[in-house]
file final-v9.cif (mmCIF, C-alpha atoms)
data_final
loop_
_atom_site.label_atom_id
_atom_site.label_comp_id
_atom_site.auth_asym_id
_atom_site.auth_seq_id
_atom_site.Cartn_x
_atom_site.Cartn_y
_atom_site.Cartn_z
CA MET M 1083 3.01 17.84 5.16
CA ARG M 1084 4.15 17.00 1.65
CA GLU M 1085 5.38 19.95 -0.40
CA ILE M 1086 5.47 20.33 -4.18
CA LYS M 1087 9.06 21.07 -5.10
CA GLU M 1088 10.15 23.74 -7.56
CA GLY M 1089 10.57 22.26 -11.00
CA TRP M 1090 8.19 19.34 -10.48
CA ILE M 1091 5.97 18.40 -13.40
CA LEU M 1092 2.43 19.05 -12.20
CA LEU M 1093 -0.63 16.84 -12.49
CA SER M 1094 -2.29 18.95 -15.17
CA ALA M 1095 0.61 18.31 -17.55
CA ILE M 1096 0.69 14.54 -17.19
CA ASP M 1097 -0.89 12.00 -19.50
CA PRO M 1098 -1.96 9.16 -17.16
CA ASN M 1099 -1.61 6.68 -20.01
CA ASN M 1100 2.04 7.61 -20.48
CA PRO M 1101 3.17 9.58 -17.41
CA PHE M 1102 6.85 8.85 -17.94
CA SER M 1103 7.00 10.57 -21.32
CA PHE M 1104 7.46 13.99 -19.69
CA LEU M 1105 10.77 13.04 -18.07
CA ASP M 1106 14.09 13.89 -19.64
CA PHE M 1107 15.62 10.58 -18.54
CA PRO M 1108 14.63 6.96 -19.25
CA VAL M 1109 12.55 4.96 -16.81
CA ARG M 1110 12.95 1.19 -16.55
CA GLU M 1111 10.40 -0.69 -18.62
CA ASP M 1112 9.46 -2.95 -15.71
CA LEU M 1113 8.46 0.14 -13.69
CA GLN M 1114 6.28 1.38 -16.52
CA GLU M 1115 4.64 -2.02 -16.90
CA ALA M 1116 4.07 -2.27 -13.14
CA TYR M 1117 2.37 1.15 -13.20
CA HIS M 1118 -0.17 0.01 -15.80
CA ARG M 1119 -0.83 -3.28 -13.97
CA TYR M 1120 -1.37 -1.33 -10.76
CA ARG M 1121 -3.93 1.02 -12.34
CA SER M 1122 -5.83 -1.88 -13.87
CA TRP M 1123 -5.86 -3.74 -10.56
CA LEU M 1124 -6.84 -0.68 -8.53
CA SER M 1125 -9.79 0.33 -10.68
CA GLY M 1126 -11.35 -3.12 -10.70
CA PRO M 1127 -13.40 -4.75 -7.93
CA GLY M 1128 -11.33 -6.35 -5.22
CA GLU M 1129 -11.99 -9.11 -2.76
CA TRP M 1130 -14.21 -6.99 -0.47
CA TRP M 1131 -14.29 -3.46 -1.92
CA THR M 1132 -15.64 -2.17 -5.23
CA GLY M 1133 -13.49 -0.46 -7.84
CA ALA M 1134 -15.12 2.87 -6.97
CA GLU M 1135 -14.28 2.40 -3.29
CA ARG M 1136 -10.69 1.40 -4.01
CA VAL M 1137 -10.07 4.40 -6.26
CA ALA M 1138 -11.67 6.64 -3.62
CA MET M 1139 -9.22 5.23 -1.05
CA ILE M 1140 -6.30 6.58 -3.08
CA ARG M 1141 -8.08 9.91 -3.43
CA GLU M 1142 -8.27 10.07 0.37
CA ILE M 1143 -4.61 9.11 0.69
CA ARG M 1144 -3.66 12.10 -1.42
CA ALA M 1145 -5.98 14.38 0.56
CA ALA M 1146 -4.56 13.17 3.89
CA TRP M 1147 -1.12 14.74 3.38
CA ASP M 1148 -2.57 18.25 3.65
CA CYS M 1149 -5.50 17.45 5.94
CA PRO M 1150 -5.80 19.97 8.83
CA ILE M 1151 -7.61 17.45 11.03
CA CYS M 1152 -4.79 14.94 10.56
CA ALA M 1153 -2.25 17.64 11.42
CA LEU M 1154 -4.05 18.32 14.70
CA LYS M 1155 -4.30 14.63 15.57
CA LYS M 1156 -0.65 13.99 14.80
CA LYS M 1157 0.41 16.74 17.22
CA ALA M 1158 -2.01 15.65 19.95
CA PHE M 1159 -0.89 13.41 22.81
CA SER M 1160 -4.02 11.34 22.12
CA THR M 1161 -5.86 11.35 18.80
CA LYS M 1162 -9.12 10.93 20.72
CA SER M 1163 -8.63 14.34 22.29
CA ILE M 1164 -9.42 15.88 18.90
CA THR M 1165 -13.18 15.92 18.49
CA GLU M 1166 -13.18 16.92 14.83
CA SER M 1167 -13.66 13.98 12.51
CA HIS M 1168 -13.42 13.25 8.82
CA LEU M 1169 -16.67 13.40 6.92
CA ALA M 1170 -17.98 10.65 4.69
CA ASP M 1171 -17.05 11.13 1.05
CA PRO M 1172 -19.11 8.69 -1.02
CA PRO M 1173 -18.64 5.92 -1.78
CA LEU M 1174 -16.60 5.75 1.46
CA ALA M 1175 -18.11 5.98 4.94
CA SER M 1176 -16.58 8.40 7.45
CA LYS M 1177 -15.03 5.54 9.46
CA VAL M 1178 -13.20 4.35 6.34
CA VAL M 1179 -11.99 7.87 5.52
CA GLU M 1180 -10.77 8.21 9.11
CA ALA M 1181 -8.91 4.90 8.94
CA ILE M 1182 -7.16 5.83 5.70
CA HIS M 1183 -6.07 9.22 7.01
CA ARG M 1184 -4.69 7.66 10.20
CA PHE M 1185 -2.82 5.02 8.20
CA VAL M 1186 -1.20 7.70 6.03
CA THR M 1187 -0.37 10.44 8.51
CA ASP M 1188 0.16 8.74 11.87
CA PRO M 1189 1.28 5.13 11.22
CA SER M 1190 3.67 4.90 14.17
CA ARG M 1191 0.75 5.10 16.62
CA LEU M 1192 -1.45 2.49 15.01
CA SER M 1193 -2.08 -0.42 17.33
CA GLU M 1194 -3.96 -3.66 17.73
CA GLN M 1195 -6.64 -1.65 19.51
CA TRP M 1196 -7.04 0.46 16.36
CA VAL M 1197 -7.66 -2.71 14.34
CA LEU M 1198 -10.15 -3.99 16.91
CA GLU M 1199 -12.05 -0.70 16.83
CA LEU M 1200 -12.34 -0.90 13.05
CA LYS M 1201 -13.73 -4.42 13.40
CA GLN M 1202 -16.21 -3.26 16.04
CA GLU M 1203 -17.37 -0.59 13.59
CA GLY M 1204 -18.31 -3.32 11.12
CA ILE M 1205 -15.17 -3.57 8.97
CA GLY M 1206 -14.19 -7.25 9.05
CA TYR M 1207 -10.59 -8.41 9.14
CA PRO M 1208 -10.32 -9.28 5.40
CA LYS M 1209 -11.78 -5.85 4.54
CA ILE M 1210 -9.27 -4.15 6.86
CA VAL M 1211 -6.42 -6.08 5.25
CA GLU M 1212 -7.53 -5.21 1.73
CA LEU M 1213 -7.91 -1.55 2.70
CA ILE M 1214 -4.36 -1.53 4.09
CA GLY M 1215 -3.01 -3.31 1.02
CA VAL M 1216 -4.68 -0.87 -1.36
CA ALA M 1217 -3.45 2.08 0.70
CA ALA M 1218 0.11 0.79 0.94
CA SER M 1219 0.21 0.12 -2.81
CA GLY M 1220 -1.13 3.59 -3.57
CA ILE M 1221 1.39 5.28 -1.28
CA SER M 1222 4.21 3.30 -2.90
CA MET M 1223 3.13 4.34 -6.38
CA ASP M 1224 2.73 8.00 -5.44
CA TYR M 1225 6.17 8.04 -3.82
CA LEU M 1226 7.61 6.56 -6.99
CA PHE M 1227 6.36 9.55 -8.97
CA TRP M 1228 7.45 12.06 -6.35
CA GLY M 1229 10.90 10.48 -6.44
CA LEU M 1230 10.94 11.01 -10.18
CA GLY M 1231 10.00 14.66 -9.70
CA VAL M 1232 6.49 14.21 -11.07
CA GLU M 1233 3.12 14.72 -9.44
CA PRO M 1234 1.23 11.37 -9.48
CA PRO M 1235 -1.15 11.08 -12.45
CA GLU M 1236 -4.88 11.44 -12.06
CA LEU M 1237 -6.67 8.37 -10.78
CA PRO M 1238 -8.20 5.84 -13.17
CA LYS M 1239 -11.93 5.65 -13.69
CA PRO M 1240 -13.44 2.90 -11.53
CA GLY M 1241 -14.43 -0.27 -13.28
CA THR M 1242 -17.68 -2.12 -12.81
CA GLY M 1243 -18.33 -5.44 -11.19
CA LYS M 1244 -18.83 -6.72 -7.68
CA PRO M 1245 -16.19 -7.77 -5.13
CA VAL M 1246 -15.56 -11.48 -4.74
CA LEU M 1247 -16.86 -11.49 -1.13
CA GLU M 1248 -15.44 -14.91 -0.37
CA GLU M 1249 -13.71 -15.92 2.83
CA PRO M 1250 -10.01 -16.50 2.12
CA GLN M 1251 -8.05 -19.64 2.80
CA GLU M 1252 -7.75 -21.04 6.31
CA LEU M 1253 -7.02 -18.11 8.61
CA GLY M 1254 -5.64 -17.99 12.12
CA PHE M 1255 -4.05 -15.56 14.56
CA HIS M 1256 -0.30 -16.06 14.63
CA THR M 1257 2.06 -13.08 14.87
CA ALA M 1258 -0.05 -10.21 13.49
CA TRP M 1259 -2.93 -8.06 14.70
CA VAL M 1260 -5.05 -9.57 11.93
CA PRO M 1261 -5.51 -13.23 11.00
CA THR M 1262 -3.16 -14.60 8.38
CA VAL M 1263 -2.68 -17.70 6.25
CA ILE M 1264 0.50 -19.47 7.30
CA PRO M 1265 2.58 -21.13 4.55
CA GLU M 1266 1.65 -24.64 5.70
CA LYS M 1267 -2.05 -23.87 5.11
CA SER M 1268 -1.70 -21.92 1.85
CA LYS M 1269 -3.00 -23.03 -1.53
CA GLY M 1270 -2.85 -22.02 -5.17
CA ARG M 1271 -1.38 -18.65 -6.09
CA LEU M 1272 -0.71 -17.76 -2.46
CA LYS M 1273 1.29 -20.94 -1.94
CA ALA M 1274 3.30 -20.23 -5.10
CA PHE M 1275 4.08 -16.75 -3.75
CA TYR M 1276 5.16 -18.15 -0.38
CA ASP M 1277 7.39 -20.68 -2.12
CA SER M 1278 9.07 -17.91 -4.13
CA ALA M 1279 9.48 -15.73 -1.03
CA ALA M 1280 10.98 -18.40 1.24
CA ASN M 1281 14.52 -17.91 2.49
CA PRO M 1282 17.20 -20.63 2.13
CA ALA M 1283 15.90 -22.23 5.35
CA GLY M 1284 12.40 -22.46 3.85
CA ARG M 1285 10.86 -19.77 6.08
CA VAL M 1286 8.61 -16.97 4.84
CA ALA M 1287 9.04 -13.61 6.60
CA HIS M 1288 6.05 -12.58 8.68
CA VAL M 1289 5.81 -9.26 6.83
CA MET M 1290 5.19 -11.23 3.62
CA GLN M 1291 2.30 -13.06 5.29
CA ALA M 1292 0.69 -9.95 6.79
CA LEU M 1293 -1.80 -9.29 3.95
CA SER M 1294 -2.71 -12.93 3.36
CA ALA M 1295 -6.28 -12.50 4.64
CA ALA M 1296 -6.76 -10.81 1.25
CA PRO M 1297 -4.51 -12.99 -0.94
CA GLU M 1298 -5.10 -11.22 -4.24
CA THR M 1299 -4.30 -7.91 -2.58
CA LEU M 1300 -1.09 -9.38 -1.21
CA LEU M 1301 -0.09 -10.60 -4.68
CA ALA M 1302 -0.84 -7.22 -6.26
CA PHE M 1303 1.11 -5.39 -3.57
CA TYR M 1304 4.21 -7.50 -4.07
CA ASP M 1305 3.83 -7.38 -7.84
CA LEU M 1306 4.38 -3.64 -7.45
CA THR M 1307 6.96 -3.59 -4.67
CA GLU M 1308 9.19 -6.24 -6.20
CA VAL M 1309 9.73 -3.83 -9.10
CA ILE M 1310 10.14 -0.72 -6.93
CA TYR M 1311 12.22 -2.56 -4.32
CA LEU M 1312 13.28 -6.20 -4.85
CA PRO M 1313 11.59 -9.54 -5.63
CA PRO M 1314 10.85 -11.49 -2.42
CA GLY M 1315 13.35 -14.20 -3.36
CA LYS M 1316 16.16 -11.65 -3.45
CA VAL M 1317 15.24 -9.87 -0.23
CA SER M 1318 16.30 -12.80 1.95
CA ASN M 1319 19.74 -13.09 0.33
CA PRO M 1320 21.92 -10.03 1.07
CA GLY M 1321 24.53 -11.14 -1.42
CA THR M 1322 22.25 -11.51 -4.41
CA LYS M 1323 22.81 -9.31 -7.44
CA THR M 1324 20.05 -6.80 -8.07
CA ASP M 1325 20.57 -5.94 -11.76
CA ARG M 1326 19.84 -2.36 -10.73
CA ALA M 1327 21.79 0.87 -11.14
CA ILE M 1328 22.65 0.88 -7.43
CA THR M 1329 24.02 -1.90 -5.24
CA ARG M 1330 22.10 -3.90 -2.64
CA PRO M 1331 23.75 -2.03 0.29
CA GLN M 1332 22.72 1.26 -1.34
CA ILE M 1333 19.16 -0.02 -1.78
CA GLU M 1334 19.01 -1.03 1.88
CA LEU M 1335 20.45 2.32 3.01
CA LEU M 1336 17.76 4.21 1.09
CA ALA M 1337 15.04 1.88 2.38
CA ALA M 1338 16.20 2.33 5.98
CA MET M 1339 16.33 6.12 5.67
CA ILE M 1340 12.84 6.28 4.15
CA SER M 1341 11.45 3.92 6.79
CA ALA M 1342 12.92 6.09 9.56
CA ALA M 1343 11.57 9.27 7.96
CA ASN M 1344 8.10 7.71 7.78
CA ALA M 1345 8.28 6.45 11.38
CA CYS M 1346 7.89 2.85 10.22
CA ARG M 1347 7.25 0.79 13.33
CA TYR M 1348 8.19 -2.48 11.66
#

call {"tool": "encode", "arguments": {"input": "final-v9.cif", "output": "structure tokens"}}
result
Amino acid sequence: MREIKEGWILLSAIDPNNPFSFLDFPVREDLQEAYHRYRSWLSGPGEWWTGAERVAMIREIRAAWDCPICALKKKAFSTKSITESHLADPPLASKVVEAIHRFVTDPSRLSEQWVLELKQEGIGYPKIVELIGVAASGISMDYLFWGLGVEPPELPKPGTGKPVLEEPQELGFHTAWVPTVIPEKSKGRLKAFYDSAANPAGRVAHVMQALSAAPETLLAFYDLTEVIYLPPGKVSNPGTKTDRAITRPQIELLAAMISAANACRY
């Protein structure tokens, strides 16, 4: 369960258009710019989900932390032993709400079978990938604010428009539970990203290919995380300078501790 700490600035006091103004210390400009890009991206239609659905996903992420059903499932030897289920909360179906809550509260027990069950319930692979990308981006942004001692701002109003609904570039099953686009088959903006993320040997880490079934989601996710963490080109070089207030070893130590605390399987 996530707890609100004493002294945190609460949601009701925050201006979502300028949430950093309430802090008594400066926040890097690139973080502030990334926040506004993220909100604009989130509220608009995606590749397979509408803006209303994507905003609702983040609403469910925030609800999951204090969800009593999730607490029961996390303690259970098998999640299927808990018969209670999450209700639909329009515009999301109950199966989507369930998937988001599992992703947030019990990530270490997610499996390939979990992905297959989502697909059998009618959520295709690109939709699953976009859902995961939206959720991971939202969690990253919320943790940024919690780290600053601020409750995350209220969600943006959903934009209009329809999802693209186009099959991505050439997909195949390689090293992930979902199909991906390997660098050799990539095109356009995805290829440019892969090129920038390649290590000195020319290889692109599998984790940076994982969301490629929804390329625009992948690009948006790394647009955010390269500001919160490091640009892909710097991740593969341990000796690179970060231009940050802490050193690369300190960044890695914090990342490792947070990953362990969150039971990150990867």

call {"tool": "resolve_selection", "arguments": {"input": "final-v9.cif", "expression": "the PyMOL selection byres ((chain M and resi 1128) around 12)", "output": "VMD selection string"}}
result
chain M and resid 1122 to 1127 1129 to 1137 1208 to 1209 1211 to 1213 1215 to 1216 1240 to 1248 1296 to 1300 1302

call {"tool": "resolve_selection", "arguments": {"input": "final-v9.cif", "expression": "the PyMOL selection byres ((chain M and resi 1268) around 12)", "output": "JSON, numbers by chain"}}
result
{"M": [1250, 1251, 1252, 1253, 1254, 1262, 1263, 1264, 1265, 1266, 1267, 1269, 1270, 1271, 1272, 1273, 1274, 1275, 1276, 1277, 1286, 1291, 1294, 1295, 1297]}

call {"tool": "closest_residue", "arguments": {"input": "final-v9.cif", "among": "M:Met1223, M:Leu1154, M:Ala1279, M:Ala1337", "to": "M:Leu1301", "atoms": "all atoms listed in the file"}}
result
M:Ala1279

call {"tool": "resolve_selection", "arguments": {"input": "final-v9.cif", "expression": "the PyMOL selection byres ((chain M and resi 1320) around 12)", "output": "count of residues only"}}
result
19

call {"tool": "atom_distance", "arguments": {"input": "final-v9.cif", "atom1": "atom CA of M:Ser1190", "atom2": "atom CA of M:Cys1346"}}
result
6.1 Å

call {"tool": "atom_distance", "arguments": {"input": "final-v9.cif", "atom1": "atom CA of M:Gln1114", "atom2": "atom CA of M:Asn1100"}}
result
8.5 Å

call {"tool": "atom_distance", "arguments": {"input": "final-v9.cif", "atom1": "atom CA of M:Leu1200", "atom2": "atom CA of M:Glu1236"}}
result
29.0 Å

call {"tool": "closest_residue", "arguments": {"input": "final-v9.cif", "among": "M:Leu1105, M:Glu1111, M:Ile1205, M:Thr1307", "to": "M:Ala1175", "atoms": "all atoms listed in the file"}}
result
M:Ile1205

call {"tool": "closest_residue", "arguments": {"input": "final-v9.cif", "among": "M:Val1179, M:Ala1138, M:Ile1328, M:Lys1157", "to": "M:Arg1191", "atoms": "all atoms listed in the file"}}
result
M:Lys1157

call {"tool": "closest_residue", "arguments": {"input": "final-v9.cif", "among": "M:Pro1189, M:Pro1235, M:Pro1108, M:Pro1173", "to": "M:Arg1144", "atoms": "only C-alpha atoms"}}
result
M:Pro1235

call {"tool": "closest_residue", "arguments": {"input": "final-v9.cif", "among": "M:Phe1185, M:Ala1280, M:Ile1221, M:Gly1206", "to": "M:Glu1249", "atoms": "all atoms listed in the file"}}
result
M:Gly1206

call {"tool": "closest_residue", "arguments": {"input": "final-v9.cif", "among": "M:Ser1341, M:Ala1283, M:Ser1278, M:Tyr1207", "to": "M:Pro1313", "atoms": "all atoms listed in the file"}}
result
M:Ser1278
